[in-house]
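Structure file start_2.tsv; described as TSV, C-alpha atoms.
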chain	number	residue	atom	x	y	z
A	66	MET	CA	-135.79	87.07	40.63
A	67	SER	CA	-136.98	89.87	42.88
A	68	ASP	CA	-140.04	91.77	41.78
A	69	THR	CA	-141.07	93.72	44.85
A	70	HIS	CA	-142.92	96.50	43.00
A	71	THR	CA	-145.93	94.43	41.97
A	72	GLY	CA	-146.75	92.80	45.29
A	73	VAL	CA	-146.13	89.40	43.68
A	74	PRO	CA	-143.79	87.19	45.75
A	75	SER	CA	-140.47	86.91	43.93
A	76	ALA	CA	-140.82	83.12	43.73
A	77	LEU	CA	-143.94	83.64	41.58
A	78	ALA	CA	-142.76	86.60	39.52
A	79	TYR	CA	-141.54	84.42	36.66
A	80	GLU	CA	-143.14	81.34	35.17
A	81	LEU	CA	-140.97	78.24	35.35
A	82	PRO	CA	-140.55	76.17	32.19
A	83	ARG	CA	-142.29	72.78	32.25
A	84	PRO	CA	-140.56	70.51	32.84
A	85	VAL	CA	-137.92	72.40	34.80
A	86	PRO	CA	-134.57	71.52	33.18
A	87	ALA	CA	-132.29	69.68	35.62
A	88	ASP	CA	-129.28	71.83	34.70
A	89	GLU	CA	-131.23	75.04	35.43
A	90	LEU	CA	-132.40	73.64	38.75
A	91	ALA	CA	-128.84	72.66	39.68
A	92	ALA	CA	-127.50	76.12	38.71
A	93	CYS	CA	-130.21	78.13	40.48
A	94	PRO	CA	-128.63	80.29	43.22
A	95	ALA	CA	-131.77	80.05	45.35
A	96	GLY	CA	-131.66	76.25	45.07
A	97	GLU	CA	-128.06	76.21	46.28
A	98	VAL	CA	-129.00	78.25	49.35
A	99	PHE	CA	-132.07	76.07	50.00
A	100	ARG	CA	-129.88	72.95	49.84
A	101	ARG	CA	-127.46	74.50	52.35
A	102	VAL	CA	-130.07	75.67	54.85
A	103	GLY	CA	-132.23	72.62	54.24
A	104	ASP	CA	-129.72	70.18	55.62
A	105	LYS	CA	-130.05	68.85	59.13
A	106	TRP	CA	-127.46	71.01	60.92
A	107	SER	CA	-126.71	74.26	59.07
A	108	VAL	CA	-129.61	76.38	60.34
A	109	LEU	CA	-128.99	75.30	63.91
A	110	LEU	CA	-125.30	76.22	63.66
A	111	VAL	CA	-126.09	79.59	62.04
A	112	VAL	CA	-128.55	80.38	64.84
A	113	LEU	CA	-126.07	79.36	67.55
A	114	LEU	CA	-123.32	81.44	65.94
A	115	GLY	CA	-125.78	84.32	65.57
A	116	GLY	CA	-125.75	84.63	69.35
A	117	ARG	CA	-121.98	84.78	69.68
A	118	PRO	CA	-118.79	83.17	68.36
A	119	HIS	CA	-118.12	79.62	69.53
A	120	ARG	CA	-115.10	77.40	69.72
A	121	TYR	CA	-115.35	74.06	67.97
A	122	ASN	CA	-115.80	71.99	71.13
A	123	GLU	CA	-118.45	74.41	72.43
A	124	LEU	CA	-120.46	73.84	69.27
A	125	HIS	CA	-119.99	70.10	69.51
A	126	ARG	CA	-121.28	70.07	73.09
A	127	ALA	CA	-124.15	72.46	72.22
A	128	VAL	CA	-125.59	70.26	69.45
A	129	GLU	CA	-126.71	66.90	70.74
A	130	GLY	CA	-126.38	64.08	68.23
A	131	ILE	CA	-123.95	65.69	65.77
A	132	SER	CA	-120.77	63.74	65.12
A	133	GLN	CA	-117.42	65.50	64.96
A	134	ARG	CA	-117.17	64.57	61.29
A	135	MET	CA	-120.59	66.06	60.46
A	136	LEU	CA	-119.89	69.21	62.50
A	137	THR	CA	-116.61	69.68	60.64
A	138	ARG	CA	-118.26	69.09	57.24
A	139	THR	CA	-121.15	71.44	57.99
A	140	LEU	CA	-118.90	74.20	59.30
A	141	ARG	CA	-116.62	73.80	56.29
A	142	GLY	CA	-119.60	74.12	53.92
A	143	LEU	CA	-120.84	77.22	55.71
A	144	GLU	CA	-117.33	78.66	55.54
A	145	ILE	CA	-117.02	77.90	51.81
A	146	ASP	CA	-120.37	79.64	51.24
A	147	GLY	CA	-119.07	82.72	53.07
A	148	LEU	CA	-121.51	82.43	55.97
A	149	VAL	CA	-119.06	81.43	58.70
A	150	ARG	CA	-115.56	82.65	59.54
A	151	ARG	CA	-113.03	80.22	61.00
A	152	GLU	CA	-110.26	81.79	63.07
A	153	VAL	CA	-107.32	79.87	64.52
A	154	LEU	CA	-106.52	81.48	67.87
A	155	PRO	CA	-102.87	81.84	68.91
A	156	THR	CA	-103.17	79.69	72.03
A	157	VAL	CA	-101.28	76.64	73.24
A	158	PRO	CA	-102.65	74.29	72.14
A	159	PRO	CA	-104.19	76.14	69.19
A	160	SER	CA	-107.97	76.50	69.28
A	161	VAL	CA	-110.43	77.44	66.59
A	162	GLU	CA	-113.30	79.90	66.90
A	163	TYR	CA	-116.23	80.17	64.52
A	164	SER	CA	-118.36	83.26	63.97
A	165	LEU	CA	-120.86	84.50	61.42
A	166	THR	CA	-119.66	86.74	58.63
A	167	PRO	CA	-121.78	89.77	57.67
A	168	LEU	CA	-123.30	87.56	54.95
A	169	GLY	CA	-124.12	84.91	57.56
A	170	ARG	CA	-125.68	87.54	59.83
A	171	SER	CA	-127.87	88.69	56.94
A	172	LEU	CA	-129.20	85.12	56.65
A	173	LEU	CA	-130.65	85.40	60.17
A	174	ILE	CA	-133.37	87.75	58.86
A	175	PRO	CA	-135.00	85.33	56.36
A	176	LEU	CA	-134.39	82.38	58.71
A	177	SER	CA	-136.22	84.27	61.46
A	178	ALA	CA	-139.10	85.04	59.09
A	179	LEU	CA	-139.38	81.35	58.15
A	180	ALA	CA	-139.21	80.30	61.82
A	181	ASP	CA	-141.91	82.84	62.71
A	182	TRP	CA	-144.09	81.52	59.87
A	183	ALA	CA	-143.57	77.92	61.09
A	184	VAL	CA	-144.56	78.83	64.66
A	185	ARG	CA	-147.65	80.74	63.45
A	186	HIS	CA	-148.78	77.81	61.30
A	187	GLU	CA	-147.71	74.93	63.52
A	188	GLY	CA	-151.33	74.01	64.34
A	189	ASP	CA	-152.39	74.20	60.69
A	190	ILE	CA	-149.53	71.93	59.64
A	191	ARG	CA	-150.22	69.47	62.46
A	192	ARG	CA	-153.92	69.32	61.50
A	193	ALA	CA	-153.10	68.83	57.82
A	194	ARG	CA	-150.73	65.98	58.70
A	195	SER	CA	-153.28	64.26	60.90
A	196	ASP	CA	-155.97	64.72	58.21
A	197	SER	CA	-153.72	63.17	55.56
A	198	THR	CA	-152.84	60.17	57.74
A	199	GLY	CA	-156.52	59.51	58.44
A	200	ARG	CA	-157.34	58.89	54.76

Whole structure, structure tokens version:
Amino acid sequence: MSDTHTGVPSALAYELPRPVPADELAACPAGEVFRRVGDKWSVLLVVLLGGRPHRYNELHRAVEGISQRMLTRTLRGLEIDGLVRREVLPTVPPSVEYSLTPLGRSLLIPLSALADWAVRHEGDIRRARSDSTGR
């Protein structure tokens, strides 16, 4: 879906059918990534792991409000998607360290671009929200 030669953003390079078929939406690779990074915890964990590897308990202490169950589920999903590597360290007792894979590191670039966009447009978004609540 990338069409970088025309100056048209890749999301607009192809016309979507109307209505968008549910099976196509479910199978869209971009949609799968958006669902992963759109959840409450994944982006935060990717950013933390982008700084350095962390042990499980370090991550749990670093993210206020995340339950152990949700941390485990989120890390497992990121691992299944190939973004995070889980390594059992040969210590007594055994400990687990998480780090980004090269694929996970490559996600930091578009996440940073989206974060930069959000910071640049924070005032615009705030104004639009206050305008819409004043109707």

Closest atom pairs, residues of segment 145-166 of chain A within 8 Å of segment 113-116 of chain A, all atoms listed in the file, as CSV:
residue,atom,partner,partner_atom,distance
A:Tyr163,CA,A:Leu114,CA,7.3
A:Ser164,CA,A:Leu114,CA,5.6
A:Leu165,CA,A:Leu114,CA,6.0

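For the choices A:Arg83, A:Arg170, A:Arg126, A:His186, the atom-to-atom distance to Leu148 of chain A is smallest for A:Arg170 when using all atoms listed in the file.
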
Centre, x/y/z edge lengths, axis-aligned box for segment 109-121 of chain A with 8 Å per side, as JSON:
{"center_x": -122.0, "center_y": 79.4, "center_z": 65.9, "size_x": 29.9, "size_y": 26.7, "size_z": 23.7}

| request: In the coordinate frame of the file, compute which residues have an atom within 12 Å of (-133.9, 81.7, 59.2) when using all atoms listed in the file, and state them as JSON, numbers by chain. | output: {"A": [98, 99, 101, 102, 103, 107, 108, 109, 110, 111, 112, 113, 115, 169, 170, 171, 172, 173, 174, 175, 176, 177, 178, 179, 180, 181, 182, 183]}

| Exercise: residues within 8 Å of coordinate (-115.3, 69.4, 65.7), counting all atoms listed in the file, as number ranges by chain | A: 121-122, 124-125, 132-134, 136-137

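Separating atom CA of Thr139 of chain A from atom CA of Pro155 of chain A is a distance of 23.7 Å.
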
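What separates atom CA of Pro118 of chain A from atom CA of Arg150 of chain A is a distance of 9.4 Å.
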
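Between atom CA of Glu123 of chain A and atom CA of Ile145 of chain A lies a distance of 21.0 Å.
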
Could segment 98-130 of chain A be completed with N, CA and C atoms and written as an mmCIF file, in the frame of the given file, please?
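Listing of selection_12.cif after writing:
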data_model
loop_
_atom_site.group_PDB
_atom_site.id
_atom_site.type_symbol
_atom_site.label_atom_id
_atom_site.label_comp_id
_atom_site.auth_asym_id
_atom_site.auth_seq_id
_atom_site.Cartn_x
_atom_site.Cartn_y
_atom_site.Cartn_z
ATOM 1 N N VAL A 98 -128.797 77.781 47.970
ATOM 2 C CA VAL A 98 -129.000 78.250 49.350
ATOM 3 C C VAL A 98 -129.997 77.340 50.061
ATOM 4 N N PHE A 99 -131.079 76.948 49.380
ATOM 5 C CA PHE A 99 -132.070 76.070 50.000
ATOM 6 C C PHE A 99 -131.439 74.728 50.364
ATOM 7 N N ARG A 100 -130.554 74.211 49.515
ATOM 8 C CA ARG A 100 -129.880 72.950 49.840
ATOM 9 C C ARG A 100 -128.999 73.121 51.075
ATOM 10 N N ARG A 101 -128.328 74.262 51.188
ATOM 11 C CA ARG A 101 -127.460 74.500 52.350
ATOM 12 C C ARG A 101 -128.299 74.615 53.618
ATOM 13 N N VAL A 102 -129.301 75.460 53.612
ATOM 14 C CA VAL A 102 -130.070 75.670 54.850
ATOM 15 C C VAL A 102 -131.075 74.546 55.088
ATOM 16 N N GLY A 103 -131.297 73.715 54.088
ATOM 17 C CA GLY A 103 -132.230 72.620 54.240
ATOM 18 C C GLY A 103 -131.612 71.368 54.818
ATOM 19 N N ASP A 104 -130.303 71.374 55.020
ATOM 20 C CA ASP A 104 -129.720 70.180 55.620
ATOM 21 C C ASP A 104 -130.014 70.144 57.111
ATOM 22 N N LYS A 105 -129.631 69.076 57.741
ATOM 23 C CA LYS A 105 -130.050 68.850 59.130
ATOM 24 C C LYS A 105 -129.428 69.816 60.128
ATOM 25 N N TRP A 106 -128.206 70.302 59.880
ATOM 26 C CA TRP A 106 -127.460 71.010 60.920
ATOM 27 C C TRP A 106 -127.179 72.473 60.642
ATOM 28 N N SER A 107 -127.186 72.914 59.404
ATOM 29 C CA SER A 107 -126.710 74.260 59.070
ATOM 30 C C SER A 107 -127.491 75.373 59.758
ATOM 31 N N VAL A 108 -128.811 75.309 59.728
ATOM 32 C CA VAL A 108 -129.610 76.380 60.340
ATOM 33 C C VAL A 108 -129.329 76.455 61.835
ATOM 34 N N LEU A 109 -129.264 75.317 62.484
ATOM 35 C CA LEU A 109 -128.990 75.300 63.910
ATOM 36 C C LEU A 109 -127.640 75.946 64.220
ATOM 37 N N LEU A 110 -126.621 75.632 63.435
ATOM 38 C CA LEU A 110 -125.300 76.220 63.660
ATOM 39 C C LEU A 110 -125.313 77.721 63.386
ATOM 40 N N VAL A 111 -126.002 78.153 62.336
ATOM 41 C CA VAL A 111 -126.090 79.590 62.040
ATOM 42 C C VAL A 111 -126.771 80.319 63.189
ATOM 43 N N VAL A 112 -127.841 79.744 63.730
ATOM 44 C CA VAL A 112 -128.550 80.380 64.840
ATOM 45 C C VAL A 112 -127.652 80.440 66.079
ATOM 46 N N LEU A 113 -126.973 79.345 66.394
ATOM 47 C CA LEU A 113 -126.070 79.360 67.550
ATOM 48 C C LEU A 113 -124.973 80.408 67.384
ATOM 49 N N LEU A 114 -124.387 80.466 66.195
ATOM 50 C CA LEU A 114 -123.320 81.440 65.940
ATOM 51 C C LEU A 114 -123.866 82.856 65.847
ATOM 52 N N GLY A 115 -125.162 82.994 65.589
ATOM 53 C CA GLY A 115 -125.780 84.320 65.570
ATOM 54 C C GLY A 115 -125.796 84.945 66.956
ATOM 55 N N GLY A 116 -125.776 84.119 67.979
ATOM 56 C CA GLY A 116 -125.750 84.630 69.350
ATOM 57 C C GLY A 116 -124.378 85.140 69.756
ATOM 58 N N ARG A 117 -123.356 84.399 69.357
ATOM 59 C CA ARG A 117 -121.980 84.780 69.680
ATOM 60 C C ARG A 117 -121.037 83.784 69.009
ATOM 61 N N PRO A 118 -119.759 84.143 68.883
ATOM 62 C CA PRO A 118 -118.790 83.170 68.360
ATOM 63 C C PRO A 118 -118.660 81.981 69.306
ATOM 64 N N HIS A 119 -118.312 80.846 68.745
ATOM 65 C CA HIS A 119 -118.120 79.620 69.530
ATOM 66 C C HIS A 119 -116.823 78.940 69.105
ATOM 67 N N ARG A 120 -116.203 78.289 70.051
ATOM 68 C CA ARG A 120 -115.100 77.400 69.720
ATOM 69 C C ARG A 120 -115.697 76.078 69.257
ATOM 70 N N TYR A 121 -114.887 75.315 68.554
ATOM 71 C CA TYR A 121 -115.350 74.060 67.970
ATOM 72 C C TYR A 121 -115.993 73.153 69.018
ATOM 73 N N ASN A 122 -115.283 72.912 70.114
ATOM 74 C CA ASN A 122 -115.800 71.990 71.130
ATOM 75 C C ASN A 122 -117.076 72.521 71.795
ATOM 76 N N GLU A 123 -117.205 73.831 71.908
ATOM 77 C CA GLU A 123 -118.450 74.410 72.430
ATOM 78 C C GLU A 123 -119.625 74.044 71.530
ATOM 79 N N LEU A 124 -119.404 74.189 70.221
ATOM 80 C CA LEU A 124 -120.460 73.840 69.270
ATOM 81 C C LEU A 124 -120.794 72.354 69.355
ATOM 82 N N HIS A 125 -119.761 71.531 69.452
ATOM 83 C CA HIS A 125 -119.990 70.100 69.510
ATOM 84 C C HIS A 125 -120.809 69.721 70.739
ATOM 85 N N ARG A 126 -120.518 70.342 71.859
ATOM 86 C CA ARG A 126 -121.280 70.070 73.090
ATOM 87 C C ARG A 126 -122.688 70.666 73.017
ATOM 88 N N ALA A 127 -122.862 71.758 72.275
ATOM 89 C CA ALA A 127 -124.150 72.460 72.220
ATOM 90 C C ALA A 127 -125.157 71.765 71.307
ATOM 91 N N VAL A 128 -124.703 70.896 70.421
ATOM 92 C CA VAL A 128 -125.590 70.260 69.450
ATOM 93 C C VAL A 128 -125.590 68.751 69.705
ATOM 94 N N GLU A 129 -126.605 68.319 70.406
ATOM 95 C CA GLU A 129 -126.710 66.900 70.740
ATOM 96 C C GLU A 129 -126.934 66.088 69.469
ATOM 97 N N GLY A 130 -126.169 65.008 69.338
ATOM 98 C CA GLY A 130 -126.380 64.080 68.230
ATOM 99 C C GLY A 130 -125.539 64.345 66.991
#
